[in-house]
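Asks: Dropping in data04.pdb, with PDB, C-alpha atoms.
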ATOM      1  CA  MET H 117     -15.173 -12.272 -13.542  1.00  0.00           C
ATOM      2  CA  CYS H 118     -13.298 -14.002 -16.303  1.00  0.00           C
ATOM      3  CA  TYR H 119      -9.583 -13.429 -16.476  1.00  0.00           C
ATOM      4  CA  GLN H 120      -7.573 -13.336 -19.676  1.00  0.00           C
ATOM      5  CA  LEU H 121      -4.179 -14.976 -20.144  1.00  0.00           C
ATOM      6  CA  LYS H 122      -1.396 -13.344 -22.145  1.00  0.00           C
ATOM      7  CA  THR H 123       2.025 -14.741 -22.908  1.00  0.00           C
ATOM      8  CA  VAL H 124       4.811 -12.192 -23.086  1.00  0.00           C
ATOM      9  CA  ASN H 125       8.444 -13.277 -23.523  1.00  0.00           C
ATOM     10  CA  GLY H 126       7.405 -16.826 -22.613  1.00  0.00           C
ATOM     11  CA  ALA H 127       5.837 -15.852 -19.279  1.00  0.00           C
ATOM     12  CA  THR H 128       2.118 -15.975 -18.555  1.00  0.00           C
ATOM     13  CA  GLU H 129       0.297 -12.851 -17.400  1.00  0.00           C
ATOM     14  CA  ALA H 130      -3.244 -13.136 -16.027  1.00  0.00           C
ATOM     15  CA  VAL H 131      -5.287 -10.007 -16.683  1.00  0.00           C
ATOM     16  CA  ILE H 132      -7.787 -10.097 -13.819  1.00  0.00           C
ATOM     17  CA  ASP H 133      -9.771  -7.058 -14.947  1.00  0.00           C
ATOM     18  CA  ASP H 134      -8.753  -4.734 -17.759  1.00  0.00           C
ATOM     19  CA  ASN H 135     -11.282  -2.032 -16.895  1.00  0.00           C
ATOM     20  CA  CYS H 136     -11.448  -1.317 -13.175  1.00  0.00           C
ATOM     21  CA  GLY H 137     -10.560   1.192 -10.526  1.00  0.00           C
ATOM     22  CA  ILE H 138      -7.852   1.101  -7.903  1.00  0.00           C
ATOM     23  CA  SER H 139     -10.307  -0.120  -5.251  1.00  0.00           C
ATOM     24  CA  LYS H 140     -10.444  -3.498  -7.017  1.00  0.00           C
ATOM     25  CA  PHE H 141      -6.645  -3.722  -6.844  1.00  0.00           C
ATOM     26  CA  TYR H 142      -6.766  -3.183  -3.078  1.00  0.00           C
ATOM     27  CA  ALA H 143      -9.589  -5.734  -2.684  1.00  0.00           C
ATOM     28  CA  ILE H 144      -7.538  -8.327  -4.571  1.00  0.00           C
ATOM     29  CA  ALA H 145      -4.407  -7.521  -2.534  1.00  0.00           C
ATOM     30  CA  THR H 146      -6.397  -7.956   0.672  1.00  0.00           C
ATOM     31  CA  ALA H 147      -7.826 -11.285  -0.513  1.00  0.00           C
ATOM     32  CA  LEU H 148      -4.369 -12.574  -1.431  1.00  0.00           C
ATOM     33  CA  ALA H 149      -2.983 -11.565   1.953  1.00  0.00           C
ATOM     34  CA  ASP H 150      -5.926 -12.858   3.999  1.00  0.00           C
ATOM     35  CA  ASP H 151      -6.948 -15.995   2.102  1.00  0.00           C
ATOM     36  CA  LEU H 152      -3.701 -17.195   0.515  1.00  0.00           C
ATOM     37  CA  GLN H 153      -1.429 -15.781   3.234  1.00  0.00           C
ATOM     38  CA  VAL H 154       0.876 -14.110   0.715  1.00  0.00           C
ATOM     39  CA  LYS H 155       3.276 -11.520   2.015  1.00  0.00           C
ATOM     40  CA  PHE H 156       3.945  -8.470  -0.081  1.00  0.00           C
ATOM     41  CA  LEU H 157       7.699  -8.038  -0.260  1.00  0.00           C
ATOM     42  CA  ASN H 158       7.999  -4.804  -2.195  1.00  0.00           C
ATOM     43  CA  GLN H 159       5.473  -2.142  -3.098  1.00  0.00           C
ATOM     44  CA  VAL H 160       6.096   0.430  -5.794  1.00  0.00           C
ATOM     45  CA  ASP H 161       3.321   3.010  -6.055  1.00  0.00           C
ATOM     46  CA  ASP H 162       3.576   5.462  -8.948  1.00  0.00           C
ATOM     47  CA  ALA H 163       1.111   8.048 -10.187  1.00  0.00           C
ATOM     48  CA  GLU H 164      -0.386   5.754 -12.851  1.00  0.00           C
ATOM     49  CA  SER H 165       0.524   2.271 -11.664  1.00  0.00           C
ATOM     50  CA  LEU H 166       1.149   0.021  -8.668  1.00  0.00           C
ATOM     51  CA  ASP H 167       3.465  -2.995  -8.604  1.00  0.00           C
ATOM     52  CA  TRP H 168       3.337  -5.142  -5.493  1.00  0.00           C
ATOM     53  CA  ASP H 169       5.718  -8.092  -5.444  1.00  0.00           C
ATOM     54  CA  PHE H 170       4.739 -11.128  -3.430  1.00  0.00           C
ATOM     55  CA  GLN H 171       5.691 -14.724  -2.828  1.00  0.00           C
ATOM     56  CA  TYR H 172       3.128 -17.429  -3.495  1.00  0.00           C
ATOM     57  CA  LYS H 173       4.461 -20.817  -2.455  1.00  0.00           C
ATOM     58  CA  ASP H 174       7.945 -20.850  -4.025  1.00  0.00           C
ATOM     59  CA  ASN H 175       7.094 -18.375  -6.776  1.00  0.00           C
ATOM     60  CA  PHE H 176       7.788 -14.668  -6.896  1.00  0.00           C
ATOM     61  CA  LEU H 177       4.935 -12.833  -8.614  1.00  0.00           C
ATOM     62  CA  THR H 178       3.777  -9.250  -9.103  1.00  0.00           C
ATOM     63  CA  LEU H 179       0.290  -7.862  -8.604  1.00  0.00           C
ATOM     64  CA  HIS H 180       0.090  -4.962 -11.051  1.00  0.00           C
ATOM     65  CA  TYR H 181      -2.393  -2.113 -11.460  1.00  0.00           C
ATOM     66  CA  SER H 182      -2.423   0.449 -14.235  1.00  0.00           C
ATOM     67  CA  ILE H 183      -5.043   3.104 -14.885  1.00  0.00           C
ATOM     68  CA  PHE H 184      -4.784   2.106 -18.555  1.00  0.00           C
ATOM     69  CA  ASN H 185      -4.702  -1.718 -18.291  1.00  0.00           C
ATOM     70  CA  GLY H 186      -6.427  -2.632 -14.996  1.00  0.00           C
ATOM     71  CA  VAL H 187      -5.227  -5.397 -12.665  1.00  0.00           C
ATOM     72  CA  SER H 188      -2.958  -8.293 -13.628  1.00  0.00           C
ATOM     73  CA  ILE H 189      -0.589 -10.845 -12.115  1.00  0.00           C
ATOM     74  CA  PHE H 190       2.672 -11.930 -13.696  1.00  0.00           C
ATOM     75  CA  PRO H 191       6.001 -13.554 -12.722  1.00  0.00           C
ATOM     76  CA  GLN H 192       8.729 -11.234 -11.477  1.00  0.00           C
ATOM     77  CA  GLN H 193      11.345 -12.991 -13.585  1.00  0.00           C
ATOM     78  CA  VAL H 194      11.196 -15.051 -16.730  1.00  0.00           C
ATOM     79  CA  LYS H 195      13.793 -17.673 -15.675  1.00  0.00           C
ATOM     80  CA  SER H 196      11.406 -20.389 -14.362  1.00  0.00           C
ATOM     81  CA  VAL H 197       8.703 -19.784 -16.897  1.00  0.00           C
ATOM     82  CA  LYS H 198       6.591 -22.921 -16.563  1.00  0.00           C
ATOM     83  CA  LYS H 199       6.638 -23.043 -12.756  1.00  0.00           C
ATOM     84  CA  ASP H 200       5.864 -19.335 -12.360  1.00  0.00           C
ATOM     85  CA  SER H 201       3.241 -19.396 -15.122  1.00  0.00           C
ATOM     86  CA  ASN H 202       1.465 -22.259 -13.344  1.00  0.00           C
ATOM     87  CA  ALA H 203       1.476 -20.216 -10.133  1.00  0.00           C
ATOM     88  CA  VAL H 204       0.007 -17.213 -11.981  1.00  0.00           C
ATOM     89  CA  MET H 205      -2.804 -19.395 -13.318  1.00  0.00           C
ATOM     90  CA  GLU H 206      -3.412 -20.925  -9.876  1.00  0.00           C
ATOM     91  CA  VAL H 207      -3.785 -17.499  -8.235  1.00  0.00           C
ATOM     92  CA  ALA H 208      -5.989 -16.273 -11.103  1.00  0.00           C
ATOM     93  CA  ASN H 209      -8.220 -19.352 -10.791  1.00  0.00           C
ATOM     94  CA  TYR H 210      -8.603 -18.659  -7.066  1.00  0.00           C
ATOM     95  CA  LEU H 211      -9.576 -15.048  -7.756  1.00  0.00           C
ATOM     96  CA  GLN H 212     -12.058 -16.153 -10.403  1.00  0.00           C
ATOM     97  CA  LYS H 213     -13.782 -18.445  -7.917  1.00  0.00           C
ATOM     98  CA  MET H 214     -13.945 -15.572  -5.415  1.00  0.00           C
ATOM     99  CA  ALA H 215     -15.487 -13.320  -8.121  1.00  0.00           C
ATOM    100  CA  TYR H 216     -13.004 -10.455  -7.834  1.00  0.00           C
TER     101      TYR H 216
END
For this file, produce the structure as structure tokens.
Replies:
Amino acid sequence: MCYQLKTVNGATEAVIDDNCGISKFYAIATALADDLQVKFLNQVDDAESLDWDFQYKDNFLTLHYSIFNGVSIFPQQVKSVKKDSNAVMEVANYLQKMAY
């Protein structure tokens, strides 16, 4: 797996897989919870997308799934752009090593 980084409004988004099914989203969520001990704080499940907010260290991030765009991770807010963007890249690097 090779993730792709996008910068939107100054914040970094890591596209983990832009062409995958929902089962990959759940596998990634499980890995984050089990291996990185993240706790999902809020889960919004819609017909075409899932947004699960979580805290990684001191950063608040969102694990996102869309049937159109796949799985990605991005900061919840744009206010601490550099710090949150670094956390996004750190989580994405972990997932890349785990081959999700």
Asks: Pick the closest to Ile132 in chain H from H:Gln171, H:Asn202, H:Asn185, H:Gln120: which is it, counting all atoms listed in the file?
Replies: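 Comparing H:Gln171, H:Asn202, H:Asn185, H:Gln120 against Ile132 in chain H, the winner is H:Gln120.
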Asks: Please evaluate the PyMOL selection byres ((chain H and resi 140) around 12) against the displayed coordinates and give the resulting residues as a list in words.
Replies: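 For this structure, the PyMOL selection byres ((chain H and resi 140) around 12) resolves to Met117, Ile132, Asp133, Asp134, Asn135, Cys136, Gly137, Ile138, Ser139, Phe141, Tyr142, Ala143, Ile144, Ala145, Thr146, Ala147, Leu179, His180, Tyr181, Ser182, Ile183, Gly186, Val187, Ser188, Leu211, Ala215 and Tyr216 of chain H.
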Asks: Rounded to one decimal place, report the CA of Glu206 in chain H-CA of Asn158 in chain H distance in Å.
Replies: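 Going from CA of Glu206 in chain H over to CA of Asn158 in chain H, I get 21.2 Å.
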Asks: To one decimal place, how far is CA of Gln193 in chain H from CA of Met214 in chain H in Å?
Replies: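 About the pair CA of Gln193 in chain H and CA of Met214 in chain H: they are 26.7 Å apart.
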Asks: Quick one: axis-aligned box around all listed atoms of range 166-169 of chain H, 3 Å on every side, centre and edge lengths in Å to one decimal, written as JSON.
Replies:
{"center_x": 3.4, "center_y": -4.0, "center_z": -7.1, "size_x": 10.6, "size_y": 14.1, "size_z": 9.2}
Asks: Would you compute the distance between CA of Asp150 in chain H and CA of Glu164 in chain H? Give it in Å to one decimal.
Replies: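 Taking CA of Asp150 in chain H and CA of Glu164 in chain H, their separation equals 25.7 Å.
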Asks: Report as a PyMOL selection string the residues that result from applying the PyMOL selection byres ((chain H and resi 129) around 7) to the structure here.
Replies: chain H and resi 121-123+127-128+130-131+188-190+204
Asks: With distances taken over only C-alpha atoms, which of H:Phe156, H:Asp200, H:Asp151, H:Asp161 is nearest to Asp174 in chain H?
Replies: H:Asp200
Asks: Calculated over only C-alpha atoms, which of the candidates H:Phe184, H:Asp167, H:Tyr172, H:Gln192 has the smallest distance to Gln153 in chain H?
Replies: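 Nearest candidate to Gln153 in chain H out of H:Phe184, H:Asp167, H:Tyr172, H:Gln192: H:Tyr172.
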Asks: Go through H:Leu148, H:Thr178, H:Met205, H:Tyr210 and flag the residue nearest Leu166 in chain H, using only C-alpha atoms for the distances.
Replies: H:Thr178
